[in-house]
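Worksheet: the structure to be examined is printed underneath.
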Amino acid sequence: MNLLTLNIVLGVSWMLINGSFSIFNFIVGFVVGFVCLSLTQATSGPLNYGRQGWAAVKLLIYFLKEVVITSIKVVWDVLTPTHLSEPDIIYYPLDAKSDLEIMLLANMVSMTPGSLTLDVSEDRAYLIIHAMFARDKAAVIEELKNGLEKRLLEVTRG
Amino acid sequence: MSTVTEWVLSILLLTGGVFLLAGSIGLVRLQDIYMRLHAPTKASTLGIGLVLLVSAIYATLTNDGISISELLVTVFLFFTAPITAHMMAKTALHQRLHRLERTQNQDLFENARLRLSPDAELDDTVSKP
Amino acid sequence: MLNTVVMIVSGMVSLALILNLYRLLVGPDVLDRVLALDTMYINGIALIVLLGIYFRSALYFEGALLIALLGFISSTALCKFLIRGDLIE
Amino acid sequence: MAQTRLNIALGSMVLLPFVLFMWVVFTYQPPLTQLSWPWVPSLDINLMFRLDGLSVLFAGLITGVGLLVQLYSLAYMKGKPARFSFHLLLTLFMLSMLGLVLADNILLLFVFWELTTLTSYLLIGYNHEEAKSRKNALQAMIITGAGGLALLAGLLMLGNLADSYQLSLIIERAPGYQNSVWFIPSLICVLVGAFAKSAQFPLHFWLPGAMAAPTPVSAYLHSATMVKAGVYLLARLLPVYGETALWGWSLGLAGAITGLWCGLLALRQTDLKLMLAFSTNVVLGKLVMLLGIGTETAVSAALLLIAAHAFYKAGLFMVIGIVDKATGTREYAQLRALKPVLGISFVAAVVGAASKAGFPPTMGFLSKEYMYKAGAYTDVFVTIAMVAINILLVTLALVLVMKPFLGEKDNHTAEIKPVEQYKLLWMPPLLLTCLGLIVPLLFLGQFQAIIIDPAMLAMLGNGSPEAVKLWSGINLALILSLLTLISGAVLYRFYTPLHQFLVRLTGALPNGPDVYARILDAVIKLASWQTRTLQHGQLSGYTLQFFIVLAAILVYGVYATGALPNLSFDAEFYEYAIGILMVGCAAIVLASPSRLTSIATLGMIGFLTTLIFMIYSAPDVSKTQLLVETLSVVFIAIVMRKLPLLNTVPKPSRRRRLVQLSVAGTIGLCMTLLMLMITSDPLDQSLPEYFSQYSYPIANGRNVVNVILVDFRAFDTLGEVVVVVVAAIAAISVVRRFRKGDEQ
Amino acid sequence: MNSIIFRTASHIVSGLMLLFSVYLFFRGHNQPGGGFIGALIAVIAFGLLMLSESPDYVRRQLKQTPLFMSLIGVLCLLAAAVMPLFFGQPLLTGLWWKEILPLGTPLLFDLGVYLAVIGGVLGILLKVEEELS
Amino acid sequence: MTEWLLVAPVILALSTGTFAALFMRWRTLSLVVIWVGAVVQVVSAIALLMSVLDEGIVAVAVGNWPAPFGISFVADNLSAAMVLITAIIGLATVAYASADLALRPSYPLYHVLIQILLVGVYGSFLTGDIFNLYVWFEVMLISSFGLMILDANRVQIEGAVKYVILNLVSTLVFLLAIGLLHGATGTLNMADLSLKVPMLDSGKTTLIASLFLFGFAIKSALFPVFAWLPASYHTLPSGVVAIFAGLLTKVGVYALMRVFTLVFSLPNTGLQTLLIIIAGLTMLTGVLGAASQFNIKRILSFHIISQIGYMVMGLALYTPLAIAGGIFYIIHHIIVKANLFLIGGYLQRKHGSDNLSDLGGTYKALPWLGVLFIIPAFSLAGFPPLSGFWGKFMVIRASLETGQYILAATALFVGLMTIFSMTKIWSEAFWKARPDGQPNEPLTRKEHWLYLTPIVVLAIMTIIIGLAVEPLYQFADTAARQLLDTTQYVDTVMGVLR
Amino acid sequence: METLWSIVVGVMLGAGIYLMMERHLVRFIFGLMIVSNAVNLGIFVAGRLTKGNPPLIDEGALELAEGFANPLPQALILTAIVIGFGLLLFTMILAYRASTEMGTADLDQYRESEES
Ligand code: NA
Ligand code: NA
């Protein structure tokens with residue numbers, strides 16, 4: 001994903017908040033979005049837009065599923081009088097490299113219940129995660145690697 | 001609007017309410033700031049997501065046009081909630097806030113605070129709390 | 001029926017708000033208060049959206065969006081200040 | 001070059017009195033000449049002038065003596081700094097004085113009256129680098145100024161009485177005023193003004209104080225002119241007020257006391273100029289007494305005395321000036337045997353003193369005769385007072401001539417410089433004093449015909465009953481005159497013990513300047529106290545003060561209203577919930593010792609306000625409120641870091657908290673009441689309906705609030721934006737170039 | 001203190017907010033919104049950028065000083081105010097060119113509000129951040 | 001043409017300020033804009049006054065929305081005169097500031113803020129809408145805040161805090177009063193209000209009027225809410241304080257006069273007696289405050305308060321003569337007080353202090369400055385025939401005519417104390433010998449004239465006002481009658497239709 | 001409804017004014033914020049309250065629907081909020097400057113300017 005994608009997203013958002021879907025509205029949104037982006041972005045990357053759309057949908061579905069399922073776990077722990085949680089700090093080795101990838105991954109990690117991104121290490125090699133139910137550290141890492149991160153990288157790298 | 005839809009909407013709404021309440025209960029009940037961060041970030045966000053979903057569906061059904069602009073709020077909340085949580089966690093680390101004794105790998109907190117890799121040796125200048 | 005549910009959920013959200021208020025007042029750390037405030041924002045949005053459903057008006061949605069934006073900004077800004085050591089009691 | 005220009009300027013200023021004198025002489029056609037130009041007709045203040053006997057007498061003295069004083073000053077002030085401004089001020093003073101006596105409009109008269117105060121202030125303070133000069137000038141200013149303000153009040157009331165400010169009209173309508181409530185107040189105010197100007201007891205002391213001025217100023221202001229302004233005014237208003245008992249009593253009493261007391265004070269002096277000054281007070285007292293009697297004889301006596309005094313007193317002052325210039329001192333202890341060196345001055349002094357003492361056949365003698373005649377027909381006490389005052393004057397005249405000019409030199413005596421080589425120095429005094437001798441001897445008839453009779457006519461409406469004569473046979477007045485002269489001489493014999501006694505006496509009694517200083521001091525102390533009380537510098541005290549005022553006027557308003565509004569509790573539960581939450585939040589902010597809690601709670605209040613706007617159909621307001629609230633909280637959070645904690649300031653005392661609480665509570669309660677009163681009646685809907693009607697068709701907007709902001713009431717918005725921009729500029733300027741480190 | 005996550009996200013969010021701001025500004029005449037609300041949202045968007053990057057970064061992105069922006073805003077206000085005078089109408093009368101586009105001096109006026117408020121409030125915000133931190 | 005003239009002062013000052021700010025980096029250009037702007041303002045104000053003299057009250061419906069619905073700008077004699085005086089003082093300040101403030105780091109900003117201050121003042125004088133009046137008050141207030149804190153030192157900041165805090169109290173109460181008045185009548189246009197307020201019951205009228213009275217009392221520094229003025233004015237640079245002293249409080253008095261004649265008729269509010277008492281105490285406390293001071297600016301600051309008392313006295317007595325006197329007094333006072341502060345500032349610049357103990361020898365060194373001082377000083381003290389006498393004369397006469405003897409006596413006593421204060425300054429700063437070691441800063445020829453020109457011009461105006469009383473009295477009398485009989489005003493405002 | 005909000009406005013005004021009379025600069029600012037809010041609310045309430053009918057003209061309509069909320073007080077409040085915001089910002093920053101210069105936030109110690 002790059003600036004153009006972002007710009008398109010903004011164009012669509014414009015249509016969304018306007019509540020009317022027309023070419024004119026999209027163009028207006030795109031232009032406005034362009035101005036806004038040029039005001040807020042530090043760098044701009046080259047245009048590289050492929051077939052990430054489908055991957056994005058897959059990611060979204062997977063993500064929502066994860067959220068719903070594991071949410072219930074957390075809610076359970078919260079609502080029951082005993083504390084099942086076994087908190088731990090996990091250093092998760094990153095494959096994601098770009099700012100955007102890292103950010104999205106970190107966000108998703110945070111949104112999946114049970115894990116919360118604390119930070120990214122200075123050298124960008126690790127995501128530092130606070131896990132609530134971390135009986136098996138390796139399993140947690142493995143699940144993320146094959147689940148979220150793989151799908152995410154499919155979206156961002158095509 | 002059919003009764004079934006109304007039922008579905010009601011259930012969704014109630015679920016949302018439960019999540020919202022759960023998030024807030026978690027905020028009260030959980031024992032350290034790191035764990036307290038989990039609850040509102042996830043449960044409350046999910047809850048508000050459901051409420052917004054109901055609102056969107058309801059608006060779509062009652063008004064003539066489709067009203068999915070609520071989705072924008074949802075997306076926004078899902079996007080920003082983890083970032084807020086991250087910032088708070090970072091703050092907590094920075095301030096070396098009280099952490100639950102049960103937490104494993106306690107020594108990694110200091111590494112995390114300084115954003116160092118797990119195997120990094122902390123020099124003497126960095127005093128552990 | 002939906003209106004009844006809306007009322008019930010409003011009650012739940014209000015309860016949630018009161019719990020947040022408790023955390024806000026108790027702390028113990030400033031960060032806890034910030035977190036409580038952030039959660040209050042979310043619950044506030046929920047209340048407003050519920051109000052929107054109750055009154056069948058789309059006008060409240062923008063208020064919700066605005067609160068979401070502002071909640072994000074204030075929470076992160078407060079964290080930033082805390083890290084910088086700006087907020088000392 | 002500069003010298004030539006100065007000389008031309010001085011010359012023209014010296015000539016001006018002469019020109020004016022000529023103008024008066026040629027313009028005046030007895031019995032009355034009136035000149036008039038409009039100035040402020042709407043307020044009945046016009047440039048109206050009137051030349052009648054009285055004003056011509058004064059105008060003649062003013063311009064005549066003025067000419068001589070200007071000439072004398074040319075010599076006297078030679079080599080002194082700022083000669084130009086000295087002569088200029090003298091000229092301005094003369095013009096003001098002339099205006100005063102010629103004005104036929106009481107407010108015009110007042111304008112000139114105040115101008116004489118101002119110009120005399122500047123003249124008295126001529127030696128302004130000396131503290132004493134400044135102090136005495138101020139003293140004269142304050143006392144005559146106070147009198148002037150009283151006079152203004154009096155004249156305003158008089159004007160209202162007569163329904164005109166025109167003097168001749170007022171006098172014409174004169175008999176009918178007594179019944180008005182304003183009559184007596186106006187009389188009192190006018191008297192205060194006149195007494196202050198004419199240095200009557202107890203305001204007499206400014207006149208001797210004014211002797212700080214250069215001698216020509218004293219000669220002019222304090223003999224012929226300024227001090228006579230009060231006398232002139234009394235003489236002018238005699239037909240208006242003269243009938244009342246109060247007039248006679250107050251003038252008689254004030255004049256007598258002034259004459260006697262100032263006579264004694266004069267005898268106590270060692271400085272010849274001061275002695276003259278006090279004796280001027282004495283003469284003024286005599287004049288006031290005579291005007292108080294107000295009979296034809298008394299008025300003739302007064303007119304004679306005015307002329308006599310102008311001649312001899314101006315002359316004597318000038319003589320003292322010469323003495324001062326010759327020896328550098330005016331203390332008679334250091335002055336002996338001046339006669340050989342200052343021969344002409346001696347002559348002038350003798351003639352002047354003779355007139356002063358009422359020695360026949362001088363003008364002074366004439367006036368004294370008439371005075372005794374007037375007194376003899378009124379009251380025995382008045383007569384006794386007159387005799388006593390005149391005895392003192394005789395003694396004073398003797399002191400003035402004998403002490404400095406005669407006697408033998410000793411080693412205390414100052415060196416004498418022969419200053420009489422300057423003609424301009426000795427000619428004016430000689431001329432003036434001799435006039436007091438020549439006029440009664442040679443021109444008495446003409447004097448009466450041209451001066452006295454018209455003046456009497458002007459004042460009383462008829463001429464003098466009999467011709468003024470030097471010799472009118474042996475009568476009571478002559479006997480009293482003789483008695484006076486002999487007693488004066490006897491008193492002079494015992495001058496030294498008398499002087500010592502007077503020094504002790506006046507030392508024991510409170511004196512004018514001290515009382516004045518104490519009163520002034522008390523006023524300034526009062527001022528300081530009140531300023532410390534009101535302007536105490538404590539900001540929280542100011543805010544408390546302000547809100548107490550607000551509470552007080554609101555309570556007054558509610559009290560005046562009395563009615564209680566009807567309440568209607570028709571809100572729904574969530575509205576109550578929001579309301580209660582808001583009140584609770586407010587309570588938290590009040591009670592919380594923590595800044596962060598307070599800020600968070602303030603945020604809550606803002607948020608709840610937003611909710612209210614949202615519920616009651618104000619989407620734009622609610623959005624704006626939300627944004628503004630958030631930004632405010634962000635700003636206050638940023639700024640707060642640099643502000644001290646709440647506990648760095650001492651907690652208010654219990655009493656203070658109670659006061660604050662009751663003040664704040666009162667205001668809150670009153671506002672609630674007011675709002676209830678307002679909202680219980682229906683609101684006029686014409687404006688909203690208009691906006692609704694025209695918003696879309698003409699202003700092309702569906703959001704009526706926005707249309708109001710950018711169209712219906714766009715001017716408000718324009719101003720509002722300017723406020724924001726300027727606030728930004730100002731706020732940026734506050735922090736720009738300033739960091740905490742800059743303090744060091 | 002730096003955070004890739006926060007920084008990256010804040011760029012996106014502030015972009016979105018600016019968009020929202022422009023949107024609210026444009027539709028203000030017909031729906032809730034308008035110059036002032038739009039401007040404050042824009043300020044908050046830039047404020048977010050300021051927090052995640054630096055005040056200097058925001059200044060560079062703006063290219064103009066905030067003061068200049070607000071002065072331009074005031075000029076827009078003045079133009080909108082004075083223009084009708086030249087058409088023989090009183091000050092601040094709305095002039096519309098509906099035939100071409102739904103444009104009128106009230107919109108120019110609102111634009112003035114928008115720019116002036118952004119410039120003003122942002123100016124303070126940046127200055128305060130620079131001086132007090 | 002009226003459309004142009006009525007709004008010209010506000011728009012011109014705003015444009016001047018804006019362009020001067022835009023060109024701030026090019027100092028000369030900015031100054032040219034300021035000078036041209038200031039001169040044009042005077043010209044336009046004269047034109048406005050002529051048009052009012054010609055046609056009577058004039059009004060324009062801003063935005064072309066008819067009277068009670070949009071905002072009206074109205075000029076009657078009073079407003080037109082105030083606008084002209086403001087423009088003149090504005091021009092004088094521009095000249096004076098060019099000398100007095102030129103060395104300060106924020107110099108160009110001073111000019112900008114002065115223009116914006118003028119925007120607020122003009123707006124306040126011309127608006128016919130009560131809420132719009134609030135807006136202009138705020139414009140004035142915020143720019144005065146700005147002027148106070150530019151290049152401020154510690155003491156100035158402290159003074160500014162007091163000024164700001166206490167003025168905020170006034171602002172909030174004023175705003176609340178407007179809101180409630182709107183709630184009670186449903187309108188904001190003052191002409192419309194004058195028709196609707198009489199229909200309210202007296203309780204509401206009294207309470208709302210009290211709120212207005214309180215708000216304006218602070219603005220005009222009446223007893224006992226004047227503390228902000230002596231706490232702050234003397235800390236200001238002379239170029240700033242002259243315009244503050246001349247204009248700001250007078251806007252408060254103007255607002256009192258306008259609102260308590262047009263919107264509320266003072267006798268109907270039940271506050272007349274209160275206002276009479278306030279007027280007397282204001283005169284008295286102000287003048288006593290001055291008597292206890294030994295610093296030129298402080299003395300003059302306290303005198304502002306006492307003189308305000310005379311103006312309010314005119315309103316409180318509520319007769320044509322009294323109000324005419326009050327108006328006459330305002331016009332005179334603006335000129336004279338500004339001039340006195342200008343002279344004080346000149347002395348301060350020259351000798352580095354405005355404490356009386358540090359000054360002296362001025363009369364000897366600069367006799368013409370002495371003359372220039374005497375004129376406004378003794379005018380302030382009420383010496384005839386200078387300008388100050390006439391206003392005083394009128395209000396005292398009016399108070400005697402209405403039987404307010406104590407008030408008249410107070411006014412006279414205050415006059416005496418004013419003489420005392422003015423002679424104190426004269427005696428200490430001018431007559432007294434020059435103290436040892438007094439610094440004497442040489443001024444360039446240009447600076448010298450920039451300082452003196454406004455002083456001379458204002459002194460000449462003082463004399464002219466004093467001598468040409470008749471036309472001015474006629475003018476003030478008409479103004480007073482326009483205030484007391486609102487029909488012409490209402491008809492004009494409500495008659496301007498779309 | 002107006003009764004409730006009149007009371008709330010009264011209480012808020014009281015609380016704010018109480019704070020404005022305090023010695024701590026920060027407490028004053030808190031008071032200022034509360035009073036500003038209360039005043040705006042007061043204007044709003046005095047202009048009468050209407051629920052659920054904002055002054056927006058519907059698409060296709062030419063004027064507001066029956067029973068619309070009074071738009072005028074809303075516009076006034078908007079102006080007042082904005083002005084109040086500007087003043088508040090200035091005041092806060094002045095407060096920072098003042099307390100830094102004077103070394104205290106105790107308003108009663110700000111007396112230097114009035115000492116002769
Ligand atoms: Na003011
Ligand atoms: Na003033």
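Letters A, B, ... mark the chains of the structure tokens in the order given; residue numbers begin at 1 per chain; ligand numbers begin at 1, in order shown.
A distance search around ligand 1 (9 Å at most, only C-alpha atoms and all ligand atoms) returns the following protein and nucleic acid residues: Phe137, Met140, Leu141, Ser144, Tyr163, Val164, Asn167, Ile218, Lys219, Ser220, Ala221, Trp228, Leu229, Phe244, Leu247, Leu248, Thr249, Lys250, Val251 and Gly252 of chain F.
Non-sequential neighbours of C:Leu21 (distance at most 10 Å, separation of 4 or more positions within a chain, only C-alpha atoms) are B:Ser24, B:Val28, C:Leu15, C:Ala16, C:Leu17, C:Leu25, C:Val26, C:Gly27, C:Arg33, C:Ala36, C:Leu37, C:Thr39, C:Met40.
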Store the residues of this selection in a file with all heavy atoms, as a PDB file, in the first residue's frame.
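Output file selection29.pdb is given in full below:
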ATOM      1  N   SER B  24     -15.605  -2.113  30.617  1.00  0.00           N
ATOM      2  CA  SER B  24     -15.493  -1.214  31.752  1.00  0.00           C
ATOM      3  C   SER B  24     -15.278  -1.971  33.052  1.00  0.00           C
ATOM      4  O   SER B  24     -14.558  -1.516  33.944  1.00  0.00           O
ATOM      5  CB  SER B  24     -16.745  -0.355  31.854  1.00  0.00           C
ATOM      6  OG  SER B  24     -16.815   0.458  30.709  1.00  0.00           O
ATOM      7  N   VAL B  28     -12.046  -1.910  35.747  1.00  0.00           N
ATOM      8  CA  VAL B  28     -12.062  -1.810  37.208  1.00  0.00           C
ATOM      9  C   VAL B  28     -11.363  -2.991  37.853  1.00  0.00           C
ATOM     10  O   VAL B  28     -10.595  -2.843  38.798  1.00  0.00           O
ATOM     11  CB  VAL B  28     -13.525  -1.695  37.705  1.00  0.00           C
ATOM     12  CG1 VAL B  28     -13.589  -1.765  39.218  1.00  0.00           C
ATOM     13  CG2 VAL B  28     -14.135  -0.402  37.206  1.00  0.00           C
TER      14      VAL B  28
ATOM     15  N   LEU C  15     -23.986   2.390  33.267  1.00  0.00           N
ATOM     16  CA  LEU C  15     -23.285   1.669  34.333  1.00  0.00           C
ATOM     17  C   LEU C  15     -21.793   1.631  34.023  1.00  0.00           C
ATOM     18  O   LEU C  15     -20.944   1.892  34.890  1.00  0.00           O
ATOM     19  CB  LEU C  15     -23.867   0.246  34.446  1.00  0.00           C
ATOM     20  CG  LEU C  15     -23.360  -0.571  35.620  1.00  0.00           C
ATOM     21  CD1 LEU C  15     -23.770   0.101  36.922  1.00  0.00           C
ATOM     22  CD2 LEU C  15     -23.918  -1.998  35.564  1.00  0.00           C
ATOM     23  N   ALA C  16     -21.515   1.314  32.759  1.00  0.00           N
ATOM     24  CA  ALA C  16     -20.108   1.275  32.345  1.00  0.00           C
ATOM     25  C   ALA C  16     -19.453   2.631  32.597  1.00  0.00           C
ATOM     26  O   ALA C  16     -18.330   2.708  33.102  1.00  0.00           O
ATOM     27  CB  ALA C  16     -20.007   0.902  30.874  1.00  0.00           C
ATOM     28  N   LEU C  17     -20.187   3.664  32.302  1.00  0.00           N
ATOM     29  CA  LEU C  17     -19.643   5.014  32.514  1.00  0.00           C
ATOM     30  C   LEU C  17     -19.335   5.256  33.986  1.00  0.00           C
ATOM     31  O   LEU C  17     -18.311   5.850  34.345  1.00  0.00           O
ATOM     32  CB  LEU C  17     -20.638   6.062  32.011  1.00  0.00           C
ATOM     33  CG  LEU C  17     -20.521   6.437  30.545  1.00  0.00           C
ATOM     34  CD1 LEU C  17     -21.695   7.293  30.124  1.00  0.00           C
ATOM     35  CD2 LEU C  17     -19.207   7.185  30.300  1.00  0.00           C
ATOM     36  N   LEU C  25     -11.543   8.357  39.229  1.00  0.00           N
ATOM     37  CA  LEU C  25     -11.322   9.011  40.514  1.00  0.00           C
ATOM     38  C   LEU C  25     -10.283   8.278  41.342  1.00  0.00           C
ATOM     39  O   LEU C  25      -9.532   8.892  42.096  1.00  0.00           O
ATOM     40  CB  LEU C  25     -12.640   9.110  41.287  1.00  0.00           C
ATOM     41  CG  LEU C  25     -13.672  10.018  40.630  1.00  0.00           C
ATOM     42  CD1 LEU C  25     -14.952  10.045  41.442  1.00  0.00           C
ATOM     43  CD2 LEU C  25     -13.122  11.431  40.477  1.00  0.00           C
ATOM     44  N   VAL C  26     -10.240   6.919  41.187  1.00  0.00           N
ATOM     45  CA  VAL C  26      -9.367   6.126  42.054  1.00  0.00           C
ATOM     46  C   VAL C  26      -7.935   6.109  41.547  1.00  0.00           C
ATOM     47  O   VAL C  26      -6.982   6.160  42.309  1.00  0.00           O
ATOM     48  CB  VAL C  26      -9.934   4.689  42.178  1.00  0.00           C
ATOM     49  CG1 VAL C  26      -8.895   3.750  42.755  1.00  0.00           C
ATOM     50  CG2 VAL C  26     -11.168   4.710  43.053  1.00  0.00           C
ATOM     51  N   GLY C  27      -7.778   6.111  40.249  1.00  0.00           N
ATOM     52  CA  GLY C  27      -6.427   6.049  39.701  1.00  0.00           C
ATOM     53  C   GLY C  27      -5.930   4.627  39.602  1.00  0.00           C
ATOM     54  O   GLY C  27      -6.572   3.831  38.944  1.00  0.00           O
ATOM     55  N   ARG C  33      -6.102   7.085  34.949  1.00  0.00           N
ATOM     56  CA  ARG C  33      -7.155   8.080  34.715  1.00  0.00           C
ATOM     57  C   ARG C  33      -7.301   8.341  33.219  1.00  0.00           C
ATOM     58  O   ARG C  33      -8.412   8.477  32.705  1.00  0.00           O
ATOM     59  CB  ARG C  33      -6.811   9.388  35.426  1.00  0.00           C
ATOM     60  CG  ARG C  33      -6.688   9.244  36.930  1.00  0.00           C
ATOM     61  CD  ARG C  33      -6.361  10.597  37.546  1.00  0.00           C
ATOM     62  NE  ARG C  33      -5.609  10.473  38.786  1.00  0.00           N
ATOM     63  CZ  ARG C  33      -6.175  10.347  39.976  1.00  0.00           C
ATOM     64  NH1 ARG C  33      -7.478  10.327  40.082  1.00  0.00           N
ATOM     65  NH2 ARG C  33      -5.444  10.239  41.065  1.00  0.00           N
ATOM     66  N   ALA C  36      -9.140   5.549  31.777  1.00  0.00           N
ATOM     67  CA  ALA C  36     -10.560   5.651  32.134  1.00  0.00           C
ATOM     68  C   ALA C  36     -11.247   6.667  31.236  1.00  0.00           C
ATOM     69  O   ALA C  36     -12.350   6.438  30.722  1.00  0.00           O
ATOM     70  CB  ALA C  36     -10.687   6.056  33.594  1.00  0.00           C
ATOM     71  N   LEU C  37     -10.586   7.799  31.029  1.00  0.00           N
ATOM     72  CA  LEU C  37     -11.139   8.855  30.182  1.00  0.00           C
ATOM     73  C   LEU C  37     -11.357   8.329  28.762  1.00  0.00           C
ATOM     74  O   LEU C  37     -12.388   8.581  28.134  1.00  0.00           O
ATOM     75  CB  LEU C  37     -10.161  10.024  30.167  1.00  0.00           C
ATOM     76  CG  LEU C  37     -10.746  11.416  30.131  1.00  0.00           C
ATOM     77  CD1 LEU C  37     -11.700  11.617  31.286  1.00  0.00           C
ATOM     78  CD2 LEU C  37      -9.640  12.439  30.176  1.00  0.00           C
ATOM     79  N   THR C  39     -11.813   5.312  27.809  1.00  0.00           N
ATOM     80  CA  THR C  39     -12.951   4.402  27.790  1.00  0.00           C
ATOM     81  C   THR C  39     -14.261   5.173  27.867  1.00  0.00           C
ATOM     82  O   THR C  39     -15.259   4.812  27.238  1.00  0.00           O
ATOM     83  CB  THR C  39     -12.854   3.419  28.965  1.00  0.00           C
ATOM     84  OG1 THR C  39     -11.504   2.982  29.071  1.00  0.00           O
ATOM     85  CG2 THR C  39     -13.748   2.230  28.743  1.00  0.00           C
ATOM     86  N   MET C  40     -14.235   6.244  28.640  1.00  0.00           N
ATOM     87  CA  MET C  40     -15.441   7.066  28.726  1.00  0.00           C
ATOM     88  C   MET C  40     -15.817   7.630  27.366  1.00  0.00           C
ATOM     89  O   MET C  40     -16.998   7.741  27.024  1.00  0.00           O
ATOM     90  CB  MET C  40     -15.235   8.201  29.709  1.00  0.00           C
ATOM     91  CG  MET C  40     -15.318   7.735  31.144  1.00  0.00           C
ATOM     92  SD  MET C  40     -15.005   9.072  32.269  1.00  0.00           S
ATOM     93  CE  MET C  40     -16.649   9.580  32.623  1.00  0.00           C
TER      94      MET C  40
END
Could the residues of chain G within 12 Å of chain E, counting only C-alpha atoms, be given as JSON, numbers by chain, please?
{"G": [54, 55, 56, 57, 58, 59, 74, 75, 78, 79, 81, 82, 83, 85, 86, 87, 88, 89, 90, 92, 93, 94, 96, 97, 100]}
Report as number ranges by chain the set of chain D residues whose atoms approach chain E to within 6 Å, with distances computed over only C-alpha atoms.
D: 620, 624, 701-703, 706, 710, 725, 728, 732
Convert the current residue selection to file output with N, CA and C atoms, as an mmCIF file, in the first residue's frame.
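For reference, out.cif as written:
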data_model
loop_
_atom_site.group_PDB
_atom_site.id
_atom_site.type_symbol
_atom_site.label_atom_id
_atom_site.label_comp_id
_atom_site.auth_asym_id
_atom_site.auth_seq_id
_atom_site.Cartn_x
_atom_site.Cartn_y
_atom_site.Cartn_z
ATOM 1 N N ASP D 620 -24.702 22.289 15.404
ATOM 2 C CA ASP D 620 -23.492 23.088 15.160
ATOM 3 C C ASP D 620 -22.844 23.495 16.470
ATOM 4 N N THR D 624 -19.113 22.494 17.811
ATOM 5 C CA THR D 624 -18.140 23.533 18.136
ATOM 6 C C THR D 624 -17.712 23.433 19.588
ATOM 7 N N GLY D 701 -29.073 28.858 1.874
ATOM 8 C CA GLY D 701 -28.500 27.898 2.810
ATOM 9 C C GLY D 701 -29.586 27.185 3.569
ATOM 10 N N ARG D 702 -29.373 25.899 3.792
ATOM 11 C CA ARG D 702 -30.366 25.116 4.532
ATOM 12 C C ARG D 702 -30.027 25.044 6.016
ATOM 13 N N ASN D 703 -28.775 25.275 6.321
ATOM 14 C CA ASN D 703 -28.395 25.293 7.733
ATOM 15 C C ASN D 703 -28.571 26.730 8.244
ATOM 16 N N ASN D 706 -25.863 28.424 10.252
ATOM 17 C CA ASN D 706 -24.727 28.854 9.446
ATOM 18 C C ASN D 706 -25.075 30.079 8.627
ATOM 19 N N VAL D 710 -22.986 33.508 8.515
ATOM 20 C CA VAL D 710 -22.245 34.063 7.381
ATOM 21 C C VAL D 710 -23.057 35.062 6.576
ATOM 22 N N VAL D 725 -7.972 35.952 15.680
ATOM 23 C CA VAL D 725 -6.659 36.232 15.084
ATOM 24 C C VAL D 725 -5.824 37.098 16.029
ATOM 25 N N ALA D 728 -4.570 35.217 18.884
ATOM 26 C CA ALA D 728 -3.411 34.416 18.503
ATOM 27 C C ALA D 728 -2.151 35.273 18.490
ATOM 28 N N ILE D 732 0.828 34.630 21.058
ATOM 29 C CA ILE D 732 2.164 34.312 20.555
ATOM 30 C C ILE D 732 3.174 35.332 21.086
#
